[in-house]
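Trainee: Have a look at this one.
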Amino acid sequence: MSHLITLFELHSYLILFIGIFLELMALPISGEFLMSYAGYFVYQGKMNYIMALLTVFLAGGAGITVTYWIGRAGGYKLIERYGKYIHLGPERYRKTAAWFERSGSKLLIIAYFIPGIRHFTGYISGISKMPFRKFFISAYIGSFLWGFCFITLGKVLGPRWQVFHHAASKYFVIFIIIFALLLAGYFVYRFYKNQIKDFFIRFVKWLIFRFKTIRATEIFLIFLTLAFIGMIILMLGIAQDYLANDFTEFNDVTEYLVKSAVYLGWMVGFLVLQSPYLLGAIIAITVIRIWRKGRNRGLEYLLLLVTIAGSKTFHDLLMKVFFYLQSFGFVGKFHSGNFPDLNAMILIIIYGTCIFLLVRHSKTNVITIVVPFLGLILLMFITIANIVTSNILPSDIMGGYVYGGVWIFFNFLLFELLRLILDKG
């Protein structure tokens with residue numbers, strides 16, 4: 001690999017073209033590594049961004065086109081005789097062909113992103129006698145997207161591209177899986193459109209009938225319960241990652257991207273939103289709003305008090321639990337002593353509780369949707385500003401938000417159940 005990098009520095013475009021071409025011929029060359037490295041060269045000014053994209057597009061298209069015609073000319077006998085030299089024996093061919101048969105030609109677009117699949121899609125497309133025009137469109141679109149993603153990644157990450165190459169590749173795989181699921185959903189809808197429409201019509205009619213027999217408060221309780229369960233699942237997943245010390249890559253990538261590619265100087269101004277004076281003012285506005293509304297004052301004041309005042313106790317309990325768990329096989333690994341971040345937890349608890357109480361009985365649906373959405377955007381800006389201006393780890397901030405979310409949804413659900421009991425009484 002070091003020899004290949006030396007050659008790459010001397011003949012960038014030629015080596016990039018040959019490397020991508022040979023990888024798609026099923027030779028053991030990492031095209032993603034070469035493209036990320038090319039992106040790093042673009043960052044340094046040693047390569048032109050457009051020319052690098054064009055090189056990958058042509059190399060990827062040429063490589064997969066050659067394998068298509070080889071497969072079309074040689075057929076399955078070629079796989080039986082020579083497949084072992086490119087790690088495509090009959091058994092692997094059958095598995096890949098079965099996946100290809102199920103997925104359809106459109107998934108040629110994402111085949112480039114899947115190691116062990118992209119090397120053989122050209123051969124299999126030719127062997128299966130797919131029309132070249134149908135193959136050409138999807139294959140070349142996929143080639144462009146593949147090159148665009150990894151060259152842009154190397155360009156954005158700059159001098160730290162190699163450190164993040166593994167993590168970024170993993171995130172791209174997750175993205176591609178999600179994209180594949182959406183694409184599969186589209187094809188399912190396309191071929192079973194009438195059946196799906198009939199099912200949803202029946203489901204909506206049943207749902208409307210059920211909602212007519214359930215009060216609005218009970219419907220609200222159902223959504224709160226689902227949200228609380230979702231936050232619990234997310235909380236357990238983050239706890240597992242923290243104890244297994246799996247946040248290192250996440251922190252490195254997030255800090256670098258925020259500081260080099262996302263952060264804008266004016267975002268520092270959003271730090272005022274976490275000042276004690278402003279948080280106190282928001283609490284005061286909420287208190288006045290509850291008083292003026294005149295419904296369930298005592299219950300809503302109690303919700304506001306318990307949720308905010310209990311946040312520190314909840315945080316201390318979490319810290320004790322993590323300290324206890326670390327004594328069982330987690331000693332010796334780095335674990336942030338600030339996880340979950342107390343300030344982030346208090347911030348989301350105060351904003352979340354106050355917004356909930358302010359829009360809880362709003363008669364305008366737009367306000368009920370827009371205000372929480374704006375709150376999330378402001379929270380994102382505050383997070384970016386904190387990452388840039390402080391030494392707090394992004395994982396600590398994320399942990400504070402998630403665990404704070406669990407606390408507020410727990411209290412929302414508890415007090416809504418209490419409200420329901422009191423109303424029935």
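Letters A, B, ... mark the chains of the structure tokens in the order given; residue numbers begin at 1 per chain; ligand numbers begin at 1, in order shown.
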Which polymer residues have any atom within 9 Å of an atom of Gly19 (chain A), counting only C-alpha atoms, with same-chain residues fewer than 6 positions away left out, as a list of chain:residue names?

Mentor: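 In the requested format, the answer is A:Ile29, A:Ser30, A:Gly31, A:Leu34, A:Ala59.
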
Trainee: I need the residues from that last selection saved to file as a PDB file, in the first residue's frame (with N, CA and C atoms), if you can.

Mentor:
```
ATOM      1  N   ILE A  29      -7.868  -4.179  -4.499  1.00  0.00           N
ATOM      2  CA  ILE A  29      -7.427  -2.785  -4.350  1.00  0.00           C
ATOM      3  C   ILE A  29      -8.557  -2.010  -3.693  1.00  0.00           C
ATOM      4  N   SER A  30      -8.224  -1.156  -2.729  1.00  0.00           N
ATOM      5  CA  SER A  30      -9.248  -0.382  -2.027  1.00  0.00           C
ATOM      6  C   SER A  30      -9.533   0.914  -2.779  1.00  0.00           C
ATOM      7  N   GLY A  31     -10.596   0.906  -3.561  1.00  0.00           N
ATOM      8  CA  GLY A  31     -10.969   2.112  -4.291  1.00  0.00           C
ATOM      9  C   GLY A  31     -11.401   3.236  -3.367  1.00  0.00           C
ATOM     10  N   LEU A  34      -8.328   5.016  -2.119  1.00  0.00           N
ATOM     11  CA  LEU A  34      -7.744   5.872  -3.149  1.00  0.00           C
ATOM     12  C   LEU A  34      -8.569   7.143  -3.352  1.00  0.00           C
ATOM     13  N   ALA A  59     -13.497   5.831 -14.723  1.00  0.00           N
ATOM     14  CA  ALA A  59     -12.854   4.570 -14.340  1.00  0.00           C
ATOM     15  C   ALA A  59     -13.883   3.560 -13.848  1.00  0.00           C
TER      16      ALA A  59
END
```

Trainee: Can you work out which one of A:Met319, A:Ala344, A:Ala385, A:Val370 has the shortest atom-to-atom distance to Val402 (chain A), counting only C-alpha atoms?

Mentor: A:Ala344

Trainee: Rank nothing, just name the residue among A:Tyr49, A:Tyr301, A:Phe135, A:Tyr37 nearest to Thr65 (chain A), using only C-alpha atoms.

Mentor: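 Looking at the shortest contact to Thr65 (chain A), the residue is A:Phe135.
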